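One file, run.txt, carrying compact mmCIF, C-alpha atoms:
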```txt
# COMPACT_ATOMS: atom_id res chain seq x y z
CA MET A 1 -59.66 118.66 -40.07
CA TYR A 2 -60.36 115.17 -38.76
CA PRO A 3 -60.23 111.85 -40.64
CA LEU A 4 -63.46 109.93 -41.20
CA TYR A 5 -62.10 106.40 -41.56
CA PRO A 6 -63.26 104.12 -43.04
CA TRP A 7 -64.63 106.85 -45.32
CA PRO A 8 -61.94 108.57 -47.42
CA GLY A 9 -62.58 112.14 -46.38
CA PHE A 10 -62.37 114.85 -43.77
CA TYR A 11 -64.57 116.47 -41.19
CA CYS A 12 -64.04 120.21 -40.80
CA ASP A 13 -65.09 121.60 -37.44
CA GLY A 14 -63.37 124.97 -37.71
CA PHE A 15 -64.77 128.48 -37.59
CA ILE A 16 -65.13 128.84 -41.37
CA CYS A 17 -66.87 125.48 -41.79
CA ARG A 18 -69.32 126.28 -38.99
CA LEU A 19 -69.95 129.78 -40.29
CA ILE A 20 -70.43 128.59 -43.89
CA PRO A 21 -71.62 124.94 -43.77
CA ASP A 22 -72.11 124.86 -47.56
CA ILE A 23 -68.62 126.10 -48.34
CA GLN A 24 -67.18 124.64 -51.53
CA PRO A 25 -64.98 121.57 -50.94
CA TRP A 26 -62.07 122.96 -52.94
CA ILE A 27 -61.87 126.00 -50.65
CA VAL A 28 -61.71 123.77 -47.58
CA MET A 29 -59.07 121.60 -49.20
CA VAL A 30 -56.87 124.49 -50.34
CA LEU A 31 -56.99 126.22 -46.94
CA SER A 32 -56.22 122.96 -45.15
CA ALA A 33 -53.36 122.12 -47.50
CA PHE A 34 -51.86 125.58 -47.11
CA ALA A 35 -52.03 125.34 -43.32
CA ILE A 36 -50.33 121.94 -43.36
CA ILE A 37 -47.67 122.61 -45.99
CA SER A 38 -46.75 126.29 -45.54
CA VAL A 39 -44.48 125.56 -42.57
CA VAL A 40 -42.18 123.33 -44.62
CA PRO A 41 -40.35 125.99 -46.73
CA CYS A 42 -39.70 128.11 -43.63
CA PHE A 43 -38.27 125.18 -41.71
CA GLN A 44 -36.23 124.11 -44.73
CA TYR A 45 -34.77 127.60 -45.13
CA LEU A 46 -33.78 127.78 -41.45
CA THR A 47 -32.21 124.33 -41.69
CA PHE A 48 -30.14 125.40 -44.69
CA ARG A 49 -28.92 128.49 -42.83
CA VAL A 50 -27.82 126.41 -39.87
CA TYR A 51 -26.10 123.94 -42.19
CA THR A 52 -24.22 126.77 -43.91
CA SER A 53 -23.09 128.31 -40.63
CA VAL A 54 -21.63 124.99 -39.49
CA VAL A 55 -20.24 123.43 -42.65
CA SER A 56 -19.06 126.40 -44.71
CA VAL A 57 -16.20 127.20 -42.32
CA THR A 58 -14.77 123.69 -42.43
CA ASP A 59 -12.86 121.65 -44.95
CA ALA A 60 -16.03 119.82 -45.91
CA ARG A 61 -16.18 117.13 -48.55
CA PHE A 62 -19.94 117.35 -48.73
CA TYR A 63 -20.81 121.01 -48.99
CA VAL A 64 -23.96 122.31 -50.64
CA GLY A 65 -23.38 125.93 -51.62
CA GLN A 66 -25.91 128.70 -51.29
CA ARG A 67 -26.74 128.66 -54.99
CA ALA A 68 -27.54 124.95 -54.82
CA GLN A 69 -29.53 125.56 -51.65
CA HIS A 70 -31.60 128.20 -53.39
CA VAL A 71 -32.27 125.84 -56.29
CA ILE A 72 -33.33 123.09 -53.89
CA LEU A 73 -35.53 125.52 -51.98
CA VAL A 74 -37.22 126.77 -55.16
CA ILE A 75 -37.84 123.22 -56.42
CA SER A 76 -39.16 122.11 -53.03
CA THR A 77 -41.45 125.12 -52.78
CA ALA A 78 -42.76 124.48 -56.30
CA ILE A 79 -43.53 120.87 -55.35
CA LEU A 80 -45.35 122.03 -52.22
CA VAL A 81 -47.34 124.65 -54.14
CA LEU A 82 -48.30 121.91 -56.60
CA ASN A 83 -49.63 119.91 -53.66
CA VAL A 84 -51.77 122.82 -52.48
CA VAL A 85 -53.22 123.22 -55.97
CA ALA A 86 -53.76 119.47 -56.29
CA PHE A 87 -55.65 119.44 -52.99
CA GLY A 88 -58.15 121.87 -54.46
CA VAL A 89 -58.36 120.37 -57.95
CA LEU A 90 -58.42 116.69 -57.00
CA GLY A 91 -60.36 117.11 -53.76
CA GLU A 92 -63.73 117.11 -55.47
CA GLU A 93 -66.64 115.09 -54.14
CA PRO A 94 -68.25 112.45 -56.41
CA SER A 95 -71.74 112.80 -57.84
CA PHE A 96 -73.12 110.19 -55.44
CA VAL A 97 -71.83 111.95 -52.32
CA SER A 98 -75.40 112.76 -51.19
CA GLU A 99 -75.95 109.03 -50.66
CA ILE A 100 -72.94 108.94 -48.35
CA TYR A 101 -74.20 111.98 -46.45
CA ASN A 102 -77.39 110.05 -45.71
CA THR A 103 -75.58 107.14 -44.08
CA PRO A 104 -76.33 106.97 -40.33
CA GLU A 105 -72.76 107.79 -39.24
CA ILE A 106 -72.28 110.88 -41.39
CA LYS A 107 -75.84 112.14 -40.96
CA THR A 108 -75.60 111.87 -37.17
CA LEU A 109 -72.26 113.67 -37.17
CA LEU A 110 -73.60 116.61 -39.18
CA ASP A 111 -76.89 116.81 -37.28
CA THR A 112 -75.27 116.81 -33.85
CA ARG A 113 -72.09 118.82 -34.45
CA GLY A 114 -72.58 120.74 -37.68
CA GLY A 115 -69.51 121.70 -39.66
CA ARG A 116 -68.57 120.44 -43.11
CA VAL A 117 -67.81 116.96 -44.38
CA VAL A 118 -65.76 116.35 -47.52
CA ILE A 119 -65.86 112.77 -48.78
CA PHE A 120 -64.17 111.50 -51.93
CA GLY A 121 -65.87 108.14 -52.35
CA HIS A 122 -66.56 104.79 -50.77
CA PRO A 123 -64.10 103.14 -48.34
CA GLY A 124 -60.92 102.20 -50.18
CA ASP A 125 -61.79 104.39 -53.17
CA ALA A 126 -60.63 107.99 -52.78
CA GLY A 127 -61.37 108.83 -56.40
CA LEU A 128 -59.18 111.53 -57.92
CA PHE A 129 -57.86 112.48 -54.50
CA ALA A 130 -55.83 109.26 -54.51
CA HIS A 131 -53.46 110.95 -56.98
CA GLU A 132 -52.83 113.72 -54.44
CA VAL A 133 -52.06 111.11 -51.78
CA TYR A 134 -49.41 109.60 -54.05
CA LEU A 135 -48.09 113.09 -54.81
CA ILE A 136 -47.69 113.75 -51.08
CA PHE A 137 -45.75 110.50 -50.72
CA ALA A 138 -43.47 111.50 -53.60
CA SER A 139 -42.99 114.98 -52.12
CA VAL A 140 -41.88 113.55 -48.78
CA ILE A 141 -39.46 111.19 -50.53
CA LEU A 142 -37.97 114.06 -52.56
CA ILE A 143 -37.75 116.75 -49.87
CA LEU A 144 -37.10 115.04 -46.54
CA PRO A 145 -33.92 113.07 -47.43
CA VAL A 146 -32.13 116.22 -48.66
CA ILE A 147 -32.74 118.07 -45.39
CA SER A 148 -31.89 115.00 -43.32
CA LEU A 149 -28.62 114.26 -45.14
CA MET A 150 -27.44 117.85 -44.86
CA MET A 151 -28.11 117.99 -41.13
CA ILE A 152 -26.58 114.53 -40.56
CA TYR A 153 -23.41 115.75 -42.24
CA ALA A 154 -23.47 118.95 -40.18
CA ARG A 155 -23.76 116.75 -37.09
CA ARG A 156 -20.70 114.79 -38.18
CA VAL A 157 -18.76 118.02 -38.68
CA ILE A 158 -19.68 119.12 -35.18
CA LYS A 159 -18.51 115.83 -33.69
CA SER A 160 -15.24 115.96 -35.60
CA ARG A 161 -14.32 119.35 -34.15
CA GLU A 162 -15.60 118.82 -30.61
CA ARG A 163 -12.10 117.75 -29.58
CA LEU A 164 -10.60 120.93 -30.95
CA ALA A 165 -10.57 124.29 -29.23
CA SER A 166 -13.23 126.33 -30.97
CA SER A 167 -14.44 129.86 -30.61
CA ARG A 168 -17.53 130.89 -28.72
CA THR A 169 -19.26 131.57 -32.04
CA HIS A 170 -18.59 128.03 -33.24
CA LYS A 171 -19.94 126.61 -30.00
CA VAL A 172 -23.16 128.58 -30.39
CA GLU A 173 -23.49 127.48 -34.01
CA ASP A 174 -22.83 123.86 -33.08
CA ARG A 175 -25.42 123.99 -30.31
CA LEU A 176 -27.97 125.40 -32.73
CA ALA A 177 -27.18 122.71 -35.30
CA LYS A 178 -27.69 120.01 -32.68
CA VAL A 179 -31.06 121.52 -31.84
CA PHE A 180 -32.11 121.53 -35.49
CA PHE A 181 -30.99 117.92 -35.87
CA ILE A 182 -33.31 116.97 -33.01
CA GLN A 183 -35.98 119.14 -34.61
CA ILE A 184 -35.77 117.09 -37.81
CA VAL A 185 -36.30 113.91 -35.80
CA SER A 186 -39.34 115.48 -34.16
CA VAL A 187 -40.67 116.59 -37.57
CA ILE A 188 -40.42 113.01 -38.83
CA ILE A 189 -42.25 111.65 -35.78
CA PHE A 190 -44.86 114.36 -35.30
CA TYR A 191 -45.38 115.55 -38.88
CA CYS A 192 -44.25 113.21 -41.65
CA PHE A 193 -45.42 109.89 -40.22
CA PRO A 194 -48.84 111.15 -39.04
CA LEU A 195 -49.41 112.98 -42.34
CA ILE A 196 -48.53 109.88 -44.36
CA PHE A 197 -50.89 107.75 -42.29
CA PHE A 198 -53.54 110.47 -42.30
CA LEU A 199 -53.72 110.51 -46.09
CA GLY A 200 -52.50 107.01 -46.85
CA LEU A 201 -55.34 105.30 -45.00
CA MET A 202 -57.79 107.02 -47.35
CA VAL A 203 -56.71 104.83 -50.26
CA ILE A 204 -56.99 101.68 -48.14
CA ASP A 205 -60.26 99.93 -47.40
CA THR A 206 -60.28 100.24 -43.62
CA SER A 207 -63.93 99.20 -43.36
CA ILE A 208 -62.73 95.63 -42.72
CA TRP A 209 -60.59 96.78 -39.79
CA PRO A 210 -61.87 96.38 -36.23
CA PRO A 211 -63.83 99.45 -35.08
CA TRP A 212 -61.73 99.73 -31.92
CA LEU A 213 -58.58 100.04 -34.04
CA LEU A 214 -60.04 102.90 -36.09
CA ALA A 215 -61.20 104.53 -32.85
CA ILE A 216 -57.56 104.58 -31.71
CA ILE A 217 -56.02 105.61 -35.03
CA ARG A 218 -58.28 108.62 -35.67
CA PRO A 219 -57.42 110.61 -32.51
CA MET A 220 -53.82 109.37 -32.40
CA ILE A 221 -53.02 110.88 -35.80
CA ILE A 222 -54.58 114.22 -34.86
CA ILE A 223 -52.83 114.26 -31.48
CA LEU A 224 -49.42 113.65 -33.06
CA LEU A 225 -49.96 116.36 -35.66
CA SER A 226 -51.19 118.78 -33.00
CA LEU A 227 -48.15 118.15 -30.80
CA LYS A 228 -45.62 119.07 -33.49
CA SER A 229 -45.35 122.76 -32.62
CA THR A 230 -45.41 122.04 -28.88
CA VAL A 231 -42.61 119.50 -29.12
CA GLN A 232 -40.49 121.79 -31.28
CA SER A 233 -40.93 124.65 -28.82
CA LEU A 234 -39.98 122.39 -25.91
CA ILE A 235 -36.84 121.28 -27.74
CA PHE A 236 -35.72 124.90 -28.13
CA LEU A 237 -36.47 125.60 -24.47
CA MET A 238 -34.81 122.48 -23.09
CA LYS A 239 -31.69 123.03 -25.20
CA ASN A 240 -31.40 126.67 -24.22
CA PRO A 241 -28.44 126.91 -21.79
CA HIS A 242 -29.95 129.87 -19.93
CA TYR A 243 -33.20 127.99 -19.37
CA THR A 244 -31.26 124.90 -18.30
CA LYS A 245 -29.38 126.90 -15.64
CA VAL A 246 -32.59 128.47 -14.35
CA ASN A 247 -34.29 125.09 -14.25
CA ALA A 248 -31.33 123.51 -12.45
CA SER A 249 -31.42 126.21 -9.77
CA PHE A 250 -34.83 124.96 -8.68
```
Would you kindly transcribe this structure into structure tokens?
Amino acid sequence: MYPLYPWPGFYCDGFICRLIPDIQPWIVMVLSAFAIISVVPCFQYLTFRVYTSVVSVTDARFYVGQRAQHVILVISTAILVLNVVAFGVLGEEPSFVSEIYNTPEIKTLLDTRGGRVVIFGHPGDAGLFAHEVYLIFASVILILPVISLMMIYARRVIKSRERLASSRTHKVEDRLAKVFFIQIVSVIIFYCFPLIFFLGLMVIDTSIWPPWLLAIIRPMIIILLSLKSTVQSLIFLMKNPHYTKVNASF
């Protein structure tokens, strides 16, 4: 999926869109939303497990028990599922979309590359999809701070006991918690910010922006989103003590 600024919409160049050019927009939207959002509950669950392994064994003032974690996870997952459904329900094209398809830019894109274009309206007017954009913003505000605060506190716990003699197990847990803290920072940079800009610019009239600026923004957002998994993998590798020793030997 690629943004079509200044048009509020997406260009799908994937296998399904090329195989079925007339695929219904709601199918494209639901599949795209699931691909983007499905990683969040898994990452949130792993973060909670790391938090529990670090904080539960300490005299912690700020401790979120497993029952509370499960409640948070269920609520967060429900919010994310709602987003997937909203992508399909609110991602409908307007009745005048054929006029937009006949504009030189969109027509040339489809004639030369094929694929599927989903457009929600004129620049600055995303139609019903604007409600989904606001829902995404609200979801980020509700979910991200909880994960961040829990890992920040876990980081403080680790620092407070670094001076003390700890077992090998604690050292491994602390190292893993540090890695996940860095992972959260990478998620904010390579997932949250690009996603917010990716969708947020659809409710803004960017047709008045300089073309060169849009030419930079479009690929930059996709590059950042595409690098998320690579950066997270590199963090795990670079923080692995065995890999560090092997790398140092060279």
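Taking atom CA of Gly124 of chain A and atom CA of Pro6 of chain A as endpoints, the distance between them is 7.8 Å.
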List every residue of segment 107-165 of chain A that has an atom at most 10 Å from any atom of segment 95-103 of chain A, and for each one report the closest atom pair and its distance in Å to one decimal, counting all atoms listed in the file, with rows sorted by chain and then by increasing residue number, as CSV.
```
residue,atom,partner,partner_atom,distance
A:Lys107,CA,A:Asn102,CA,5.4
A:Thr108,CA,A:Thr103,CA,8.4
A:Leu109,CA,A:Tyr101,CA,9.6
A:Leu110,CA,A:Tyr101,CA,8.6
A:Val117,CA,A:Tyr101,CA,8.4
A:Val118,CA,A:Val97,CA,8.9
A:Ile119,CA,A:Val97,CA,7.0
A:Phe120,CA,A:Val97,CA,7.7
A:Gly121,CA,A:Val97,CA,7.1
A:His122,CA,A:Ile100,CA,8.0
```
For the residues in the current selection, export C-alpha atoms as a compact mmCIF listing (two decimals), keeping the file's coordinate frame.
```
# COMPACT_ATOMS: atom_id res chain seq x y z
CA LYS A 107 -75.84 112.14 -40.96
CA THR A 108 -75.60 111.87 -37.17
CA LEU A 109 -72.26 113.67 -37.17
CA LEU A 110 -73.60 116.61 -39.18
CA VAL A 117 -67.81 116.96 -44.38
CA VAL A 118 -65.76 116.35 -47.52
CA ILE A 119 -65.86 112.77 -48.78
CA PHE A 120 -64.17 111.50 -51.93
CA GLY A 121 -65.87 108.14 -52.35
CA HIS A 122 -66.56 104.79 -50.77
```
Q: Give the answer as one residue: which of A:Ile158, A:Ala33, A:Ser233, A:Met1 has the shortest atom-to-atom distance to Pro219 of chain A, using all atoms listed in the file?
A: A:Met1
Using only C-alpha atoms, which residues sit within 8 Å of Leu224 of chain A once same-chain residues fewer than 5 positions away are excluded, as a PDB file with C-alpha atoms, in the frame of the given file?
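Result saved to selection-v7.pdb:
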```pdb
ATOM      1  CA  ILE A 189     -42.250 111.650 -35.780  1.00  0.00           C
ATOM      2  CA  PHE A 190     -44.860 114.360 -35.300  1.00  0.00           C
ATOM      3  CA  TYR A 191     -45.380 115.550 -38.880  1.00  0.00           C
ATOM      4  CA  PRO A 194     -48.840 111.150 -39.040  1.00  0.00           C
TER       5      PRO A 194
END
```
Q) Which residues come within 9 Å of Met151 of chain A, counting all atoms listed in the file, excluding same-chain residues fewer than 6 positions away, as a list in words? A) Thr47, Phe48, Val50, Tyr51, Ala177, Lys178, Phe180, Phe181 and Ile184 of chain A
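Between atom CA of Ser38 of chain A and atom CA of Val71 of chain A there is a distance of 18.0 Å.
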Q | Selected residue of minimal separation from Phe236 of chain A among A:Leu128, A:Arg175, A:Cys192, A:Ala138, counting only C-alpha atoms | A | A:Arg175
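Nearest residue to Ala126 of chain A, choosing from A:Leu73, A:Met238, A:Ile204, A:Ile222 and counting all atoms listed in the file: A:Ile204.
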Q. Any idea what the distance is between atom CA of Cys12 of chain A and atom CA of Gly115 of chain A?
A. 5.8 Å
Q | Among the residues A:Ala86, A:Ala215, A:Val64, A:Val231, the one that comes closest to Phe34 of chain A [using all atoms listed in the file] | A | A:Ala86
Padding 3 Å on each side, edges along x, y and z: where is the centre of the box around the listed atoms of segment 10-26 of chain A, and how long are its edges in Å to one decimal? Output it as JSON.
```
{"center_x": -67.1, "center_y": 122.3, "center_z": -45.2, "size_x": 16.0, "size_y": 20.9, "size_z": 21.5}
```
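Considering the residues A:Ile72, A:Ile136, A:Val179, A:Leu149 and counting only C-alpha atoms, Leu237 of chain A has its shortest atom-to-atom contact with A:Val179.
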**Q.** Closest of A:Val133, A:Ile221, A:Leu213, A:Val84 to Ile36 of chain A - atom-to-atom distances counting all atoms listed in the file
**A.** A:Val84
Q: For Ile143 of chain A, list every protein, DNA or RNA residue within 10 Å, evaluated using all atoms listed in the file, and leave out those in the same chain fewer than 2 positions away; present the list as an MDAnalysis selection string.
A: chainID A and resid 40 44 72:73 75:77 79:80 138:141 145:148
